[in-house]
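Below is start_20.cif, which holds mmCIF, N, CA and C atoms and all ligand atoms.
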data_upload
loop_
_atom_site.group_PDB
_atom_site.id
_atom_site.type_symbol
_atom_site.label_atom_id
_atom_site.label_comp_id
_atom_site.auth_asym_id
_atom_site.auth_seq_id
_atom_site.Cartn_x
_atom_site.Cartn_y
_atom_site.Cartn_z
ATOM 1 N N MET A 1 0.850 -1.208 0.000
ATOM 2 C CA MET A 1 0.000 0.000 0.000
ATOM 3 C C MET A 1 0.874 1.243 0.000
ATOM 4 N N ASN A 2 0.621 2.113 -0.969
ATOM 5 C CA ASN A 2 1.237 3.435 -0.927
ATOM 6 C C ASN A 2 0.350 4.296 -0.026
ATOM 7 N N PRO A 3 0.896 4.743 1.089
ATOM 8 C CA PRO A 3 0.037 5.440 2.057
ATOM 9 C C PRO A 3 -0.474 6.784 1.550
ATOM 10 N N LEU A 4 0.177 7.349 0.530
ATOM 11 C CA LEU A 4 -0.276 8.652 0.020
ATOM 12 C C LEU A 4 -1.410 8.493 -0.978
ATOM 13 N N SER A 5 -1.240 7.572 -1.934
ATOM 14 C CA SER A 5 -2.272 7.420 -2.968
ATOM 15 C C SER A 5 -3.384 6.498 -2.510
ATOM 16 N N GLY A 6 -3.073 5.629 -1.541
ATOM 17 C CA GLY A 6 -4.049 4.625 -1.155
ATOM 18 C C GLY A 6 -4.048 3.436 -2.095
ATOM 19 N N HIS A 7 -3.174 3.412 -3.130
ATOM 20 C CA HIS A 7 -3.122 2.300 -4.080
ATOM 21 C C HIS A 7 -2.319 1.129 -3.531
ATOM 22 N N THR A 8 -2.812 -0.055 -3.743
ATOM 23 C CA THR A 8 -2.028 -1.265 -3.538
ATOM 24 C C THR A 8 -1.511 -1.656 -4.919
ATOM 25 N N ALA A 9 -0.323 -2.269 -5.016
ATOM 26 C CA ALA A 9 0.254 -2.654 -6.300
ATOM 27 C C ALA A 9 -0.771 -3.430 -7.121
ATOM 28 N N GLY A 10 -0.965 -3.054 -8.373
ATOM 29 C CA GLY A 10 -1.867 -3.770 -9.260
ATOM 30 C C GLY A 10 -3.296 -3.286 -9.193
ATOM 31 N N GLU A 11 -3.637 -2.451 -8.276
ATOM 32 C CA GLU A 11 -5.020 -1.962 -8.189
ATOM 33 C C GLU A 11 -5.224 -0.739 -9.080
ATOM 34 N N THR A 12 -6.389 -0.661 -9.678
ATOM 35 C CA THR A 12 -6.709 0.533 -10.455
ATOM 36 C C THR A 12 -7.548 1.488 -9.629
ATOM 37 N N GLN A 13 -8.265 0.959 -8.634
ATOM 38 C CA GLN A 13 -9.126 1.826 -7.803
ATOM 39 C C GLN A 13 -8.322 2.390 -6.645
ATOM 40 N N THR A 14 -8.633 3.639 -6.319
ATOM 41 C CA THR A 14 -7.981 4.282 -5.182
ATOM 42 C C THR A 14 -8.774 3.982 -3.925
ATOM 43 N N ARG A 15 -8.076 3.450 -2.914
ATOM 44 C CA ARG A 15 -8.727 3.267 -1.600
ATOM 45 C C ARG A 15 -8.012 4.139 -0.608
ATOM 46 N N ARG A 16 -8.699 5.108 -0.129
ATOM 47 C CA ARG A 16 -8.060 6.006 0.839
ATOM 48 C C ARG A 16 -8.376 5.535 2.245
ATOM 49 N N PRO A 17 -7.311 5.298 3.025
ATOM 50 C CA PRO A 17 -7.572 4.893 4.413
ATOM 51 C C PRO A 17 -8.338 6.000 5.123
ATOM 52 N N LYS A 18 -9.314 5.615 5.943
ATOM 53 C CA LYS A 18 -10.116 6.622 6.660
ATOM 54 C C LYS A 18 -9.255 7.270 7.741
ATOM 55 N N LEU A 19 -8.970 8.560 7.584
ATOM 56 C CA LEU A 19 -8.156 9.284 8.557
ATOM 57 C C LEU A 19 -9.082 9.959 9.573
ATOM 58 N N GLN A 20 -8.759 9.801 10.839
ATOM 59 C CA GLN A 20 -9.537 10.460 11.894
ATOM 60 C C GLN A 20 -8.781 11.716 12.320
ATOM 61 N N PRO A 21 -9.492 12.789 12.608
ATOM 62 C CA PRO A 21 -8.795 13.963 13.159
ATOM 63 C C PRO A 21 -8.210 13.576 14.524
ATOM 64 N N PRO A 22 -7.050 14.177 14.881
ATOM 65 C CA PRO A 22 -6.434 13.791 16.163
ATOM 66 C C PRO A 22 -7.351 14.153 17.334
ATOM 67 N N LYS A 23 -7.344 13.296 18.351
ATOM 68 C CA LYS A 23 -8.123 13.602 19.558
ATOM 69 C C LYS A 23 -7.535 14.831 20.242
ATOM 70 N N LYS A 24 -8.380 15.528 20.963
ATOM 71 C CA LYS A 24 -7.963 16.736 21.681
ATOM 72 C C LYS A 24 -7.917 16.457 23.189
ATOM 73 N N TYR A 25 -6.930 17.069 23.825
ATOM 74 C CA TYR A 25 -6.730 16.853 25.265
ATOM 75 C C TYR A 25 -6.664 18.198 25.988
ATOM 76 N N GLY A 26 -7.439 18.310 27.054
ATOM 77 C CA GLY A 26 -7.423 19.520 27.874
ATOM 78 C C GLY A 26 -6.378 19.396 28.966
ATOM 79 N N VAL A 27 -5.651 20.498 29.201
ATOM 80 C CA VAL A 27 -4.696 20.548 30.311
ATOM 81 C C VAL A 27 -5.309 21.442 31.387
ATOM 82 N N TYR A 28 -5.416 20.910 32.596
ATOM 83 C CA TYR A 28 -6.067 21.601 33.713
ATOM 84 C C TYR A 28 -5.078 21.856 34.850
ATOM 85 N N LEU A 29 -5.259 22.975 35.546
ATOM 86 C CA LEU A 29 -4.546 23.200 36.805
ATOM 87 C C LEU A 29 -5.508 22.920 37.948
ATOM 88 N N LEU A 30 -4.964 22.389 39.033
ATOM 89 C CA LEU A 30 -5.748 22.118 40.241
ATOM 90 C C LEU A 30 -5.349 23.104 41.335
ATOM 91 N N ASN A 31 -6.317 23.462 42.163
ATOM 92 C CA ASN A 31 -6.039 24.381 43.264
ATOM 93 C C ASN A 31 -5.302 23.672 44.397
ATOM 94 N N ASP A 32 -4.530 24.413 45.151
ATOM 95 C CA ASP A 32 -3.971 23.945 46.422
ATOM 96 C C ASP A 32 -3.808 25.179 47.306
ATOM 97 N N ASP A 33 -3.416 24.947 48.568
ATOM 98 C CA ASP A 33 -3.346 26.062 49.523
ATOM 99 C C ASP A 33 -1.966 26.704 49.602
ATOM 100 N N TYR A 34 -0.999 26.210 48.852
ATOM 101 C CA TYR A 34 0.398 26.631 49.057
ATOM 102 C C TYR A 34 1.030 27.361 47.877
ATOM 103 N N THR A 35 0.645 26.990 46.667
ATOM 104 C CA THR A 35 1.231 27.646 45.491
ATOM 105 C C THR A 35 0.772 29.102 45.457
ATOM 106 N N THR A 36 1.680 30.009 45.204
ATOM 107 C CA THR A 36 1.287 31.428 45.191
ATOM 108 C C THR A 36 0.509 31.758 43.911
ATOM 109 N N MET A 37 -0.363 32.730 44.035
ATOM 110 C CA MET A 37 -1.128 33.195 42.873
ATOM 111 C C MET A 37 -0.181 33.722 41.790
ATOM 112 N N GLU A 38 0.847 34.406 42.223
ATOM 113 C CA GLU A 38 1.834 34.966 41.286
ATOM 114 C C GLU A 38 2.496 33.863 40.446
ATOM 115 N N PHE A 39 2.834 32.747 41.103
ATOM 116 C CA PHE A 39 3.475 31.647 40.381
ATOM 117 C C PHE A 39 2.512 31.027 39.361
ATOM 118 N N VAL A 40 1.253 30.876 39.735
ATOM 119 C CA VAL A 40 0.265 30.291 38.818
ATOM 120 C C VAL A 40 0.069 31.195 37.595
ATOM 121 N N VAL A 41 0.029 32.499 37.830
ATOM 122 C CA VAL A 41 -0.104 33.439 36.706
ATOM 123 C C VAL A 41 1.118 33.326 35.788
ATOM 124 N N GLU A 42 2.288 33.169 36.388
ATOM 125 C CA GLU A 42 3.520 33.003 35.583
ATOM 126 C C GLU A 42 3.439 31.734 34.717
ATOM 127 N N ILE A 43 2.938 30.643 35.297
ATOM 128 C CA ILE A 43 2.762 29.388 34.551
ATOM 129 C C ILE A 43 1.813 29.615 33.370
ATOM 130 N N LEU A 44 0.717 30.298 33.651
ATOM 131 C CA LEU A 44 -0.307 30.476 32.611
ATOM 132 C C LEU A 44 0.175 31.385 31.480
ATOM 133 N N THR A 45 1.006 32.356 31.788
ATOM 134 C CA THR A 45 1.515 33.233 30.731
ATOM 135 C C THR A 45 2.671 32.552 29.994
ATOM 136 N N GLU A 46 3.605 31.938 30.733
ATOM 137 C CA GLU A 46 4.831 31.435 30.096
ATOM 138 C C GLU A 46 4.675 30.047 29.488
ATOM 139 N N VAL A 47 3.895 29.168 30.109
ATOM 140 C CA VAL A 47 3.736 27.809 29.561
ATOM 141 C C VAL A 47 2.558 27.754 28.587
ATOM 142 N N PHE A 48 1.470 28.442 28.950
ATOM 143 C CA PHE A 48 0.258 28.318 28.132
ATOM 144 C C PHE A 48 0.036 29.527 27.205
ATOM 145 N N GLY A 49 0.893 30.538 27.320
ATOM 146 C CA GLY A 49 0.834 31.666 26.389
ATOM 147 C C GLY A 49 -0.369 32.568 26.562
ATOM 148 N N LEU A 50 -0.975 32.558 27.746
ATOM 149 C CA LEU A 50 -2.136 33.431 27.958
ATOM 150 C C LEU A 50 -1.672 34.866 28.221
ATOM 151 N N PRO A 51 -2.423 35.837 27.712
ATOM 152 C CA PRO A 51 -2.132 37.221 28.084
ATOM 153 C C PRO A 51 -2.393 37.384 29.587
ATOM 154 N N HIS A 52 -1.717 38.369 30.218
ATOM 155 C CA HIS A 52 -1.753 38.503 31.676
ATOM 156 C C HIS A 52 -3.172 38.539 32.237
ATOM 157 N N GLU A 53 -4.060 39.300 31.595
ATOM 158 C CA GLU A 53 -5.447 39.422 32.096
ATOM 159 C C GLU A 53 -6.167 38.084 32.137
ATOM 160 N N LYS A 54 -5.994 37.290 31.066
ATOM 161 C CA LYS A 54 -6.647 35.972 31.021
ATOM 162 C C LYS A 54 -6.010 35.033 32.029
ATOM 163 N N ALA A 55 -4.690 35.161 32.201
ATOM 164 C CA ALA A 55 -3.982 34.305 33.166
ATOM 165 C C ALA A 55 -4.520 34.557 34.574
ATOM 166 N N VAL A 56 -4.739 35.821 34.915
ATOM 167 C CA VAL A 56 -5.287 36.160 36.236
ATOM 168 C C VAL A 56 -6.698 35.576 36.369
ATOM 169 N N ALA A 57 -7.501 35.685 35.302
ATOM 170 C CA ALA A 57 -8.877 35.175 35.344
ATOM 171 C C ALA A 57 -8.892 33.656 35.545
ATOM 172 N N VAL A 58 -8.021 32.933 34.821
ATOM 173 C CA VAL A 58 -7.975 31.461 34.953
ATOM 174 C C VAL A 58 -7.466 31.080 36.342
ATOM 175 N N MET A 59 -6.438 31.794 36.831
ATOM 176 C CA MET A 59 -5.900 31.504 38.168
ATOM 177 C C MET A 59 -6.996 31.661 39.223
ATOM 178 N N LEU A 60 -7.776 32.753 39.127
ATOM 179 C CA LEU A 60 -8.840 32.992 40.114
ATOM 180 C C LEU A 60 -9.947 31.947 39.998
ATOM 181 N N LEU A 61 -10.239 31.524 38.762
ATOM 182 C CA LEU A 61 -11.241 30.469 38.566
ATOM 183 C C LEU A 61 -10.785 29.175 39.250
ATOM 184 N N VAL A 62 -9.508 28.821 39.068
ATOM 185 C CA VAL A 62 -8.977 27.611 39.722
ATOM 186 C C VAL A 62 -9.034 27.781 41.244
ATOM 187 N N HIS A 63 -8.638 28.963 41.713
ATOM 188 C CA HIS A 63 -8.627 29.249 43.153
ATOM 189 C C HIS A 63 -10.028 29.071 43.755
ATOM 190 N N HIS A 64 -11.055 29.520 43.031
ATOM 191 C CA HIS A 64 -12.425 29.470 43.575
ATOM 192 C C HIS A 64 -13.154 28.171 43.266
ATOM 193 N N GLU A 65 -12.884 27.583 42.101
ATOM 194 C CA GLU A 65 -13.651 26.389 41.672
ATOM 195 C C GLU A 65 -12.894 25.086 41.895
ATOM 196 N N GLY A 66 -11.578 25.175 42.112
ATOM 197 C CA GLY A 66 -10.808 23.955 42.380
ATOM 198 C C GLY A 66 -10.053 23.416 41.191
ATOM 199 N N LYS A 67 -10.490 23.812 39.991
ATOM 200 C CA LYS A 67 -9.893 23.252 38.779
ATOM 201 C C LYS A 67 -10.205 24.184 37.619
ATOM 202 N N GLY A 68 -9.286 24.279 36.646
ATOM 203 C CA GLY A 68 -9.574 25.136 35.503
ATOM 204 C C GLY A 68 -8.789 24.739 34.268
ATOM 205 N N LEU A 69 -9.413 24.942 33.114
ATOM 206 C CA LEU A 69 -8.811 24.580 31.823
ATOM 207 C C LEU A 69 -7.808 25.651 31.386
ATOM 208 N N CYS A 70 -6.594 25.192 31.066
ATOM 209 C CA CYS A 70 -5.536 26.122 30.629
ATOM 210 C C CYS A 70 -5.368 26.138 29.122
ATOM 211 N N GLY A 71 -5.675 25.013 28.462
ATOM 212 C CA GLY A 71 -5.520 24.948 27.017
ATOM 213 C C GLY A 71 -5.915 23.575 26.498
ATOM 214 N N VAL A 72 -6.119 23.482 25.179
ATOM 215 C CA VAL A 72 -6.519 22.234 24.521
ATOM 216 C C VAL A 72 -5.524 21.954 23.400
ATOM 217 N N TYR A 73 -4.984 20.721 23.376
ATOM 218 C CA TYR A 73 -3.883 20.385 22.465
ATOM 219 C C TYR A 73 -4.019 18.934 22.002
ATOM 220 N N THR A 74 -3.181 18.561 21.037
ATOM 221 C CA THR A 74 -3.022 17.138 20.743
ATOM 222 C C THR A 74 -2.295 16.495 21.931
ATOM 223 N N ARG A 75 -2.308 15.166 21.992
ATOM 224 C CA ARG A 75 -1.821 14.479 23.206
ATOM 225 C C ARG A 75 -0.372 14.805 23.544
ATOM 226 N N ASP A 76 0.529 14.752 22.546
ATOM 227 C CA ASP A 76 1.954 14.997 22.808
ATOM 228 C C ASP A 76 2.184 16.381 23.387
ATOM 229 N N ILE A 77 1.516 17.370 22.800
ATOM 230 C CA ILE A 77 1.722 18.747 23.260
ATOM 231 C C ILE A 77 1.133 18.918 24.657
ATOM 232 N N ALA A 78 -0.055 18.337 24.904
ATOM 233 C CA ALA A 78 -0.677 18.420 26.238
ATOM 234 C C ALA A 78 0.248 17.806 27.296
ATOM 235 N N GLU A 79 0.830 16.640 26.979
ATOM 236 C CA GLU A 79 1.701 15.975 27.958
ATOM 237 C C GLU A 79 2.994 16.764 28.177
ATOM 238 N N THR A 80 3.487 17.411 27.116
ATOM 239 C CA THR A 80 4.688 18.257 27.278
ATOM 240 C C THR A 80 4.386 19.453 28.178
ATOM 241 N N LYS A 81 3.234 20.082 27.999
ATOM 242 C CA LYS A 81 2.834 21.212 28.864
ATOM 243 C C LYS A 81 2.769 20.741 30.319
ATOM 244 N N GLN A 82 2.153 19.580 30.519
ATOM 245 C CA GLN A 82 2.030 19.040 31.880
ATOM 246 C C GLN A 82 3.416 18.827 32.505
ATOM 247 N N GLN A 83 4.346 18.281 31.731
ATOM 248 C CA GLN A 83 5.712 18.060 32.241
ATOM 249 C C GLN A 83 6.400 19.381 32.561
ATOM 250 N N GLN A 84 6.177 20.382 31.710
ATOM 251 C CA GLN A 84 6.793 21.695 31.954
ATOM 252 C C GLN A 84 6.257 22.306 33.248
ATOM 253 N N VAL A 85 4.939 22.174 33.473
ATOM 254 C CA VAL A 85 4.344 22.701 34.708
ATOM 255 C C VAL A 85 4.921 21.964 35.917
ATOM 256 N N SER A 86 4.969 20.625 35.839
ATOM 257 C CA SER A 86 5.440 19.822 36.977
ATOM 258 C C SER A 86 6.884 20.156 37.316
ATOM 259 N N LYS A 87 7.725 20.324 36.288
ATOM 260 C CA LYS A 87 9.140 20.636 36.544
ATOM 261 C C LYS A 87 9.288 22.011 37.185
ATOM 262 N N ARG A 88 8.584 23.002 36.650
ATOM 263 C CA ARG A 88 8.667 24.357 37.220
ATOM 264 C C ARG A 88 8.173 24.368 38.665
ATOM 265 N N ALA A 89 7.068 23.634 38.937
ATOM 266 C CA ALA A 89 6.525 23.593 40.301
ATOM 267 C C ALA A 89 7.517 22.917 41.247
ATOM 268 N N LEU A 90 8.084 21.799 40.812
ATOM 269 C CA LEU A 90 9.070 21.078 41.637
ATOM 270 C C LEU A 90 10.270 21.971 41.933
ATOM 271 N N ASP A 91 10.798 22.617 40.896
ATOM 272 C CA ASP A 91 11.973 23.492 41.047
ATOM 273 C C ASP A 91 11.680 24.652 42.011
ATOM 274 N N ALA A 92 10.438 25.139 41.981
ATOM 275 C CA ALA A 92 10.077 26.291 42.823
ATOM 276 C C ALA A 92 9.595 25.855 44.207
ATOM 277 N N GLY A 93 9.429 24.534 44.411
ATOM 278 C CA GLY A 93 9.007 24.026 45.713
ATOM 279 C C GLY A 93 7.512 24.168 45.987
ATOM 280 N N PHE A 94 6.705 24.196 44.918
ATOM 281 C CA PHE A 94 5.250 24.284 45.082
ATOM 282 C C PHE A 94 4.597 22.946 44.720
ATOM 283 N N PRO A 95 3.456 22.617 45.368
ATOM 284 C CA PRO A 95 2.793 21.330 45.105
ATOM 285 C C PRO A 95 1.778 21.387 43.949
ATOM 286 N N LEU A 96 1.888 22.393 43.099
ATOM 287 C CA LEU A 96 0.924 22.616 42.010
ATOM 288 C C LEU A 96 0.757 21.360 41.141
ATOM 289 N N LEU A 97 -0.493 20.956 40.939
ATOM 290 C CA LEU A 97 -0.800 19.777 40.119
ATOM 291 C C LEU A 97 -1.498 20.181 38.827
ATOM 292 N N CYS A 98 -1.212 19.386 37.798
ATOM 293 C CA CYS A 98 -1.698 19.646 36.451
ATOM 294 C C CYS A 98 -2.164 18.305 35.875
ATOM 295 N N THR A 99 -3.359 18.268 35.292
ATOM 296 C CA THR A 99 -3.869 17.015 34.740
ATOM 297 C C THR A 99 -4.134 17.175 33.241
ATOM 298 N N VAL A 100 -4.125 16.030 32.554
ATOM 299 C CA VAL A 100 -4.464 15.993 31.116
ATOM 300 C C VAL A 100 -5.670 15.081 30.972
ATOM 301 N N GLU A 101 -6.708 15.555 30.281
ATOM 302 C CA GLU A 101 -7.927 14.757 30.097
ATOM 303 C C GLU A 101 -8.366 14.809 28.639
ATOM 304 N N GLU A 102 -8.689 13.653 28.092
ATOM 305 C CA GLU A 102 -9.236 13.619 26.734
ATOM 306 C C GLU A 102 -10.573 14.365 26.734
ATOM 307 N N MET A 103 -10.790 15.169 25.677
ATOM 308 C CA MET A 103 -12.008 16.002 25.685
ATOM 309 C C MET A 103 -13.169 15.278 25.015
HETATM 310 N N1 LIG B 201 -5.071 28.795 46.250
HETATM 311 C C1 LIG B 201 -3.777 29.404 46.048
HETATM 312 C C2 LIG B 201 -3.561 30.517 47.069
HETATM 313 O O1 LIG B 201 -4.501 30.970 47.684
HETATM 314 C C3 LIG B 201 -3.631 29.983 44.634
HETATM 315 C C4 LIG B 201 -3.692 28.934 43.553
HETATM 316 C C5 LIG B 201 -4.449 29.167 42.412
HETATM 317 C C6 LIG B 201 -3.003 27.745 43.671
HETATM 318 C C7 LIG B 201 -4.512 28.228 41.390
HETATM 319 C C8 LIG B 201 -3.047 26.769 42.655
HETATM 320 O O2 LIG B 201 -3.833 26.105 40.486
HETATM 321 C C9 LIG B 201 -3.807 27.019 41.512
HETATM 322 N N2 LIG B 201 -2.316 30.954 47.219
#
Structure re-expressed in structure tokens:
Amino acid sequence: MNPLSGHTAGETQTRRPKLQPPKKYGVYLLNDDYTTMEFVVEILTEVFGLPHEKAVAVMLLVHHEGKGLCGVYTRDIAETKQQQVSKRALDAGFPLLCTVEEM
């Protein structure tokens, strides 16, 4: 099978494999009592690329509701964001948790 044309050797008909759009994964921050608001805003601006105003809004939503969506990505990118958050939190000595959930 030629994966581009969908042709198998000797076939005259084109069979295109059914391609599914990639699944989407949400990356969430969880609230805790120890991580500073300033650090969470820094995570949201530097890791998730949110403008400062939106970062403050998401941080406050997590603070009040317990959990909040930071962004939606393909699986690899979502897991990389999660690793970046975990490393920054560990390095800074905060217990900040980040989850990835299929949407
Ligand atoms: N609750 C924290 C505080 O009062 C702030 C905070 C917000 C922590 C969001 C984590 O994901 C979080 N300092």
### Near-Glu42 in chain A list (8 Å; all atoms listed in the file; drop same-chain fewer than 6 positions) as a list in words
Thr36, Phe48, Gly49, Ala55 and Val56 of chain A
To test the calculation: enclose all listed atoms of ligand LIG 201 (chain B) in a box whose edges run along x, y and z, add 4 Å on each side, then state centre and edge lengths in Å to one decimal, as JSON.
{"center_x": -3.7, "center_y": 28.5, "center_z": 44.1, "size_x": 10.8, "size_y": 12.9, "size_z": 15.2}
Which residues would end up in the selection if the PyMOL selection byres (((not hetatm) and name CA) within 6 of (chain B and resi 201)) were applied here, given that I need the answer as a PyMOL selection string? chain A and resi 29-37+40+59+62-63+96
Checklist entry - For the atom pair CA of Val72 in chain A and CA of Pro21 in chain A, what is the interatomic distance in Å to one decimal place? => result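 Computing the Euclidean distance for CA of Val72 in chain A and CA of Pro21 in chain A yields 14.2 Å.
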Atom pair CA of Leu69 in chain A + CA of Glu101 in chain A, distance 10.0 Å
request  = Could you tell me how far CA of Lys87 in chain A lies from CA of Arg75 in chain A, in Å and to one decimal?
outcome  =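 Computing it gives 18.3 Å between the two atoms.
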Please return range 48-69 of chain A, rebuilt to N, CA, C and O atoms, as a PDB file, in the frame of the given file.
ATOM      1  N   PHE A  48       1.470  28.442  28.950  1.00  0.00           N
ATOM      2  CA  PHE A  48       0.258  28.318  28.132  1.00  0.00           C
ATOM      3  C   PHE A  48       0.036  29.527  27.205  1.00  0.00           C
ATOM      4  O   PHE A  48      -0.911  29.538  26.416  1.00  0.00           O
ATOM      5  N   GLY A  49       0.893  30.538  27.320  1.00  0.00           N
ATOM      6  CA  GLY A  49       0.834  31.666  26.389  1.00  0.00           C
ATOM      7  C   GLY A  49      -0.369  32.568  26.562  1.00  0.00           C
ATOM      8  O   GLY A  49      -0.748  33.275  25.623  1.00  0.00           O
ATOM      9  N   LEU A  50      -0.975  32.558  27.746  1.00  0.00           N
ATOM     10  CA  LEU A  50      -2.136  33.431  27.958  1.00  0.00           C
ATOM     11  C   LEU A  50      -1.672  34.866  28.221  1.00  0.00           C
ATOM     12  O   LEU A  50      -0.671  35.085  28.896  1.00  0.00           O
ATOM     13  N   PRO A  51      -2.423  35.837  27.712  1.00  0.00           N
ATOM     14  CA  PRO A  51      -2.132  37.221  28.084  1.00  0.00           C
ATOM     15  C   PRO A  51      -2.393  37.384  29.587  1.00  0.00           C
ATOM     16  O   PRO A  51      -3.202  36.653  30.176  1.00  0.00           O
ATOM     17  N   HIS A  52      -1.717  38.369  30.218  1.00  0.00           N
ATOM     18  CA  HIS A  52      -1.753  38.503  31.676  1.00  0.00           C
ATOM     19  C   HIS A  52      -3.172  38.539  32.237  1.00  0.00           C
ATOM     20  O   HIS A  52      -3.473  37.866  33.224  1.00  0.00           O
ATOM     21  N   GLU A  53      -4.060  39.300  31.595  1.00  0.00           N
ATOM     22  CA  GLU A  53      -5.447  39.422  32.096  1.00  0.00           C
ATOM     23  C   GLU A  53      -6.167  38.084  32.137  1.00  0.00           C
ATOM     24  O   GLU A  53      -6.890  37.772  33.083  1.00  0.00           O
ATOM     25  N   LYS A  54      -5.994  37.290  31.066  1.00  0.00           N
ATOM     26  CA  LYS A  54      -6.647  35.972  31.021  1.00  0.00           C
ATOM     27  C   LYS A  54      -6.010  35.033  32.029  1.00  0.00           C
ATOM     28  O   LYS A  54      -6.685  34.188  32.635  1.00  0.00           O
ATOM     29  N   ALA A  55      -4.690  35.161  32.201  1.00  0.00           N
ATOM     30  CA  ALA A  55      -3.982  34.305  33.166  1.00  0.00           C
ATOM     31  C   ALA A  55      -4.520  34.557  34.574  1.00  0.00           C
ATOM     32  O   ALA A  55      -4.769  33.610  35.332  1.00  0.00           O
ATOM     33  N   VAL A  56      -4.739  35.821  34.915  1.00  0.00           N
ATOM     34  CA  VAL A  56      -5.287  36.160  36.236  1.00  0.00           C
ATOM     35  C   VAL A  56      -6.698  35.576  36.369  1.00  0.00           C
ATOM     36  O   VAL A  56      -7.051  34.997  37.412  1.00  0.00           O
ATOM     37  N   ALA A  57      -7.501  35.685  35.302  1.00  0.00           N
ATOM     38  CA  ALA A  57      -8.877  35.175  35.344  1.00  0.00           C
ATOM     39  C   ALA A  57      -8.892  33.656  35.545  1.00  0.00           C
ATOM     40  O   ALA A  57      -9.675  33.136  36.356  1.00  0.00           O
ATOM     41  N   VAL A  58      -8.021  32.933  34.821  1.00  0.00           N
ATOM     42  CA  VAL A  58      -7.975  31.461  34.953  1.00  0.00           C
ATOM     43  C   VAL A  58      -7.466  31.080  36.342  1.00  0.00           C
ATOM     44  O   VAL A  58      -8.014  30.184  36.995  1.00  0.00           O
ATOM     45  N   MET A  59      -6.438  31.794  36.831  1.00  0.00           N
ATOM     46  CA  MET A  59      -5.900  31.504  38.168  1.00  0.00           C
ATOM     47  C   MET A  59      -6.996  31.661  39.223  1.00  0.00           C
ATOM     48  O   MET A  59      -7.156  30.801  40.107  1.00  0.00           O
ATOM     49  N   LEU A  60      -7.776  32.753  39.127  1.00  0.00           N
ATOM     50  CA  LEU A  60      -8.840  32.992  40.114  1.00  0.00           C
ATOM     51  C   LEU A  60      -9.947  31.947  39.998  1.00  0.00           C
ATOM     52  O   LEU A  60     -10.507  31.509  41.008  1.00  0.00           O
ATOM     53  N   LEU A  61     -10.239  31.524  38.762  1.00  0.00           N
ATOM     54  CA  LEU A  61     -11.241  30.469  38.566  1.00  0.00           C
ATOM     55  C   LEU A  61     -10.785  29.175  39.250  1.00  0.00           C
ATOM     56  O   LEU A  61     -11.562  28.517  39.945  1.00  0.00           O
ATOM     57  N   VAL A  62      -9.508  28.821  39.068  1.00  0.00           N
ATOM     58  CA  VAL A  62      -8.977  27.611  39.722  1.00  0.00           C
ATOM     59  C   VAL A  62      -9.034  27.781  41.244  1.00  0.00           C
ATOM     60  O   VAL A  62      -9.445  26.865  41.971  1.00  0.00           O
ATOM     61  N   HIS A  63      -8.638  28.963  41.713  1.00  0.00           N
ATOM     62  CA  HIS A  63      -8.627  29.249  43.153  1.00  0.00           C
ATOM     63  C   HIS A  63     -10.028  29.071  43.755  1.00  0.00           C
ATOM     64  O   HIS A  63     -10.179  28.516  44.840  1.00  0.00           O
ATOM     65  N   HIS A  64     -11.055  29.520  43.031  1.00  0.00           N
ATOM     66  CA  HIS A  64     -12.425  29.470  43.575  1.00  0.00           C
ATOM     67  C   HIS A  64     -13.154  28.171  43.266  1.00  0.00           C
ATOM     68  O   HIS A  64     -13.969  27.710  44.072  1.00  0.00           O
ATOM     69  N   GLU A  65     -12.884  27.583  42.101  1.00  0.00           N
ATOM     70  CA  GLU A  65     -13.651  26.389  41.672  1.00  0.00           C
ATOM     71  C   GLU A  65     -12.894  25.086  41.895  1.00  0.00           C
ATOM     72  O   GLU A  65     -13.478  24.010  41.779  1.00  0.00           O
ATOM     73  N   GLY A  66     -11.578  25.175  42.112  1.00  0.00           N
ATOM     74  CA  GLY A  66     -10.808  23.955  42.380  1.00  0.00           C
ATOM     75  C   GLY A  66     -10.053  23.416  41.191  1.00  0.00           C
ATOM     76  O   GLY A  66      -9.099  22.641  41.346  1.00  0.00           O
ATOM     77  N   LYS A  67     -10.490  23.812  39.991  1.00  0.00           N
ATOM     78  CA  LYS A  67      -9.893  23.252  38.779  1.00  0.00           C
ATOM     79  C   LYS A  67     -10.205  24.184  37.619  1.00  0.00           C
ATOM     80  O   LYS A  67     -11.276  24.809  37.612  1.00  0.00           O
ATOM     81  N   GLY A  68      -9.286  24.279  36.646  1.00  0.00           N
ATOM     82  CA  GLY A  68      -9.574  25.136  35.503  1.00  0.00           C
ATOM     83  C   GLY A  68      -8.789  24.739  34.268  1.00  0.00           C
ATOM     84  O   GLY A  68      -7.656  24.252  34.361  1.00  0.00           O
ATOM     85  N   LEU A  69      -9.413  24.942  33.114  1.00  0.00           N
ATOM     86  CA  LEU A  69      -8.811  24.580  31.823  1.00  0.00           C
ATOM     87  C   LEU A  69      -7.808  25.651  31.386  1.00  0.00           C
ATOM     88  O   LEU A  69      -8.145  26.842  31.321  1.00  0.00           O
TER      89      LEU A  69
END
